[in-house]
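> The structure follows.
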Amino acid sequence: MKHVFILLLFLTSICYGQGITKTIRGTVTDKETYEPLIGAKIILLESDPLIGAVTDINGDFRLENVPVGRQSVRITYLGYEPYLLQNIDLTSKDIVLTVRMVEAVNVIDKVEVTATKKGETVNKMATVSARSFSVEESNRYAGSKNDVARMAQNFAGVQGSDDSRNDIVIRGNSPSGVLFRMEGIDIPNPNHFARFGTTGGPISMLNNNVMSNSDFMTGAFPAEYGNAIAGVFDLNMRSGNNEEHDFMFQIGFNGAEFMAEGPISKKRRSSYLVNYRYSTLGLFKLIGINFGSTAVPNYQDGSFKLNFPSKKGLTTVFGIGGLSSINILAAETDSSDLFAIDYSNTSFRSNVGVIGASHRQRIGKKSYVNISVGLQTAINRVLNDTVDFDFENAFTTYASNSAISKQTTDVFYNRKLSAKHLIKVGVHTDLYFLNLNDSVYDRGTGLFRDLRDFKGNTFLFQPYAQYQFRPTENITLNAGLHLQSLTLNKGLATEPRFGAAWNFTKTDKLSFGYGLHSQMQPIELYFVQTTVDGVVGQPNENLGFSKSHHFVLGYEHRFKYGITAKLETYYQNLFDIPVQNVSSAYSILNFGADYLTIIPSNLESTGTGENYGAELTLEKFLDKGFYFLITASVYESFYTPSDGEKYNTAFNGNFTTNALAGYEIRFGGGKSALTFDGNFTMNGGRRYTPILLAESILAGEEVKDFDNVFSSQYDRYMRFDFRIAFKTIGEKVTQEWAIDMQNVTNRRNVFYTQYSPESETVKTTYQTGFLPIGQYRIYF
């Protein structure tokens, strides 16, 4: 076997030739103004003879005849902090870099180049609880399924202990508190099979093949972000190649997909990027792979971006959309099905679409204005039927046909007064168009009762201003103010934000952040209707914003060999939380814990909550073929509802740990690579409310102990994933083969427990066992 493997590597090197070279090109601009930096010097490190270039009048550069494989580039410009990009993966297609340099506070006489701090955010207004991530990371992390949300579950403070969904549980907050923003526009839940009000789902529509470096924030985020109390995903799509047409085909667990990119006009440097994907889970089922459902999910999605540069501006048009459907039939389900309801047929349809356009225009050399507009819609169609013990005589018990659409506008002005002073002011608006219709069968009356029947609109208005002051190279101060107003009930929130960072030595940094954050309730909650004496009302309509004070203190130390340690502690005080106006344990802070969530009609904004904890990150970014990421978090998450008692939230797992590591072996002059990646996750078990067995048997249906809400925990969640990938780089073609072996030990992690009327016992459903996932990708 060993000799066969060596022969394969030898033949691969011969087939793909010797001495393959490509081009690294790009643009160098000022980070805050997008002004081209003319005359910046670019050097390819460890090149012999030296390969270098100087930027032209547009800030563009080209490094020709660069050998394929891992390369590093250094960029310097007088008066600016030096920039170093390491371990760029140059394959059969040219690399296009976008370099945005930071002006130095003090004039730099002697250039001292240090490695660019990977993981630092694209948005420099974020000083705490934030990091950037790259497409390569989402590809590399074992178990992430090429999903940026599942990748983020490995970051400190983030828990993901549900194999069936990619929900982001940040510091004990509900996943519904996370904001997704793409190209400056707040977007709906970007997942297939997504319910209104949630932010997660089984399969992401965010295709990592079209993404660029993006930001992920877990607390005290800057003033430009609103309508979120947990975290922010600020996503960017990459631009297509404006010189050559490139193509990609990929098939794997997430589907079969095709991507194309290239120039629209080489003269005008415009480009296109388009991607389409179709589900392949039916094929996985045919070959006997259990992915958590006996029903076959059907879905397809697409995304695109068009770029039209001008002399001092850039216009982009972008879009993302997806269609998904599944029919879960009680007669076909078994104990391995994560989504089935006993003796119930469920039909679920979900359609999501977003299209937007933005224009950025430079004004002089110190400022620019950006205008973005977008249209989006999300549609849910759900039908639930109950059947008898013979799976016959279906009777409809719930039906929904609803749509939430909105028109979004975002305008901001950014001005760099000097290297020390930066201001940004803007406004974000959302005009909602609502068509909500769902009803449920009422056993007491023998009639169907409308839960929601509303058609109309409402308007969310969010102006903001933020200011950055850098008194020295080592100190950064950020301050901002965000306002939020909802016309539906004239709700208003004023939210101050503040952040500070102090590099008190070359290797040590202290940081602090504070923010008051507010969020609308899940849109369906406002329009729950009741009928009293023949009068239809919407008692939840006047609920205010949920609010949360965020306090964060952080310390970071950089060791030798590119290793960084980061410690953060935090406290979050939540208030004005919707709870029932009668004594009960209900709180909206637990929304999103289950697929099926009942929303009461008698809510008031008098509840509270708190989250606190500490997080440790130890990380080494890829260097000389090796990387690792180790995170550990301990935390508590509580809420107080209308009964005055203090309870664990549904998301209080108490702790979460992750350990990732990988090694890349390059051979054949860098034209082939073999990678090994491992990921171990251990989280505190999911919270649940105990089932009262005797009472359930007597009632003939499940009865829970609501005096002890979320008092119990399932066994801790543990999973080990391992990924092997092989890549070959040719003159025109790059191919990749990978197998991602998830839950290698086949551990039986508990998904949920429920009462079974047929057997009069409490049954346990377990999450996905060992799941091998193959993937093939070709660039040409």
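Just remember, in the structure tokens the first chain shown is A, the second B, etc., residues are 1-based per chain, and ligands are 1-based in the order shown.
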Please identify all polymer residues within 7 Å of segment 459-471 of chain A, counting only C-alpha atoms, omitting same-chain residues fewer than 5 positions from it, and present them as a ChimeraX atom specification.

/A:223-224,420-432,476-487

> Using only C-alpha atoms for the distances, tell me which of A:Ala632, A:Val317, A:Asn540, A:Thr569 is nearest to Asn602 of chain A.

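Closest to Asn602 of chain A, using only C-alpha atoms: A:Asn540.
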
> Fewer than 3 positions away in the same chain doesn't count, so skip those; otherwise give me all residues within 7 Å of segment 34-40 of chain A, counting only C-alpha atoms, as a list of chain:residue names.

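Near segment 34-40 of chain A, the qualifying residues are A:Val28, A:Thr29, A:Asp30, A:Lys31, A:Val54, A:Thr55, A:Asp56, A:Ile57, A:Asn58, A:Gly59, A:Ile75, A:Thr76, A:Tyr77, A:Lys365.
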
> With N, CA, C and O atoms kept, could you save the residues just selected as a PDB file, in the first residue's frame?


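The resulting result.pdb:
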ATOM      1  N   VAL A  28      -4.042  48.316  -4.003  1.00  0.00           N
ATOM      2  CA  VAL A  28      -3.679  48.821  -2.680  1.00  0.00           C
ATOM      3  C   VAL A  28      -4.348  50.175  -2.480  1.00  0.00           C
ATOM      4  O   VAL A  28      -4.162  51.087  -3.291  1.00  0.00           O
ATOM      5  N   THR A  29      -5.151  50.294  -1.423  1.00  0.00           N
ATOM      6  CA  THR A  29      -5.843  51.550  -1.127  1.00  0.00           C
ATOM      7  C   THR A  29      -5.727  51.889   0.352  1.00  0.00           C
ATOM      8  O   THR A  29      -5.346  51.051   1.169  1.00  0.00           O
ATOM      9  N   ASP A  30      -6.073  53.121   0.679  1.00  0.00           N
ATOM     10  CA  ASP A  30      -6.211  53.529   2.068  1.00  0.00           C
ATOM     11  C   ASP A  30      -7.420  52.806   2.664  1.00  0.00           C
ATOM     12  O   ASP A  30      -8.487  52.743   2.046  1.00  0.00           O
ATOM     13  N   LYS A  31      -7.279  52.282   3.858  1.00  0.00           N
ATOM     14  CA  LYS A  31      -8.347  51.460   4.445  1.00  0.00           C
ATOM     15  C   LYS A  31      -9.624  52.236   4.698  1.00  0.00           C
ATOM     16  O   LYS A  31     -10.732  51.706   4.535  1.00  0.00           O
ATOM     17  N   VAL A  54       5.496  47.812  -8.162  1.00  0.00           N
ATOM     18  CA  VAL A  54       5.090  49.083  -7.579  1.00  0.00           C
ATOM     19  C   VAL A  54       3.703  49.415  -8.106  1.00  0.00           C
ATOM     20  O   VAL A  54       3.422  49.229  -9.292  1.00  0.00           O
ATOM     21  N   THR A  55       2.823  49.902  -7.236  1.00  0.00           N
ATOM     22  CA  THR A  55       1.462  50.205  -7.668  1.00  0.00           C
ATOM     23  C   THR A  55       1.425  51.382  -8.630  1.00  0.00           C
ATOM     24  O   THR A  55       2.216  52.324  -8.514  1.00  0.00           O
ATOM     25  N   ASP A  56       0.481  51.333  -9.573  1.00  0.00           N
ATOM     26  CA  ASP A  56       0.349  52.400 -10.565  1.00  0.00           C
ATOM     27  C   ASP A  56      -0.617  53.480 -10.087  1.00  0.00           C
ATOM     28  O   ASP A  56      -0.993  53.524  -8.906  1.00  0.00           O
ATOM     29  N   ILE A  57      -1.070  54.321 -10.993  1.00  0.00           N
ATOM     30  CA  ILE A  57      -1.920  55.462 -10.645  1.00  0.00           C
ATOM     31  C   ILE A  57      -3.268  55.021 -10.075  1.00  0.00           C
ATOM     32  O   ILE A  57      -3.931  55.763  -9.346  1.00  0.00           O
ATOM     33  N   ASN A  58      -3.683  53.789 -10.356  1.00  0.00           N
ATOM     34  CA  ASN A  58      -4.940  53.252  -9.826  1.00  0.00           C
ATOM     35  C   ASN A  58      -4.733  52.403  -8.575  1.00  0.00           C
ATOM     36  O   ASN A  58      -5.685  51.809  -8.068  1.00  0.00           O
ATOM     37  N   GLY A  59      -3.498  52.307  -8.111  1.00  0.00           N
ATOM     38  CA  GLY A  59      -3.179  51.475  -6.970  1.00  0.00           C
ATOM     39  C   GLY A  59      -3.028  50.007  -7.306  1.00  0.00           C
ATOM     40  O   GLY A  59      -2.936  49.163  -6.408  1.00  0.00           O
ATOM     41  N   ILE A  75       3.856  44.381   1.665  1.00  0.00           N
ATOM     42  CA  ILE A  75       3.495  45.654   1.055  1.00  0.00           C
ATOM     43  C   ILE A  75       3.912  46.782   1.994  1.00  0.00           C
ATOM     44  O   ILE A  75       3.589  46.756   3.196  1.00  0.00           O
ATOM     45  N   THR A  76       4.635  47.776   1.467  1.00  0.00           N
ATOM     46  CA  THR A  76       5.037  48.932   2.264  1.00  0.00           C
ATOM     47  C   THR A  76       4.727  50.210   1.499  1.00  0.00           C
ATOM     48  O   THR A  76       4.745  50.248   0.265  1.00  0.00           O
ATOM     49  N   TYR A  77       4.418  51.267   2.272  1.00  0.00           N
ATOM     50  CA  TYR A  77       4.124  52.576   1.683  1.00  0.00           C
ATOM     51  C   TYR A  77       4.446  53.631   2.730  1.00  0.00           C
ATOM     52  O   TYR A  77       4.057  53.494   3.899  1.00  0.00           O
ATOM     53  N   LYS A 365     -10.020  63.185  -1.303  1.00  0.00           N
ATOM     54  CA  LYS A 365      -9.066  62.150  -0.909  1.00  0.00           C
ATOM     55  C   LYS A 365      -9.285  61.655   0.513  1.00  0.00           C
ATOM     56  O   LYS A 365      -8.584  60.745   0.962  1.00  0.00           O
TER      57      LYS A 365
END

> Write out as a ChimeraX atom specification all residues of segment 369-432 of chain A that backbone DSSP assigns to strand (DSSP E).

/A:369-386,395-416,421-432

> Considering only C-alpha atoms, can you say which of A:Ser325, A:Thr121, A:Gln767, A:Gln521 comes closest to Arg747 of chain A?

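Selected residue with least distance to Arg747 of chain A: A:Gln767.
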
> Here is a test: counting only C-alpha atoms, which residue of A:Leu84, A:Met101, A:Ala230, A:Ile724 is nearest to Ser129 of chain A?

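Nearest to Ser129 of chain A: A:Ala230.
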
> What is the atom CA of Asn123 of chain A to atom CA of Ile88 of chain A distance in Å?

21.6 Å

> Rank nothing, just name the residue among A:Ile168, A:Leu63, A:Ile588, A:Met718 nearest to Thr745 of chain A, using only C-alpha atoms.

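Between A:Ile168, A:Leu63, A:Ile588, A:Met718, the residue approaching Thr745 of chain A most closely is A:Met718.
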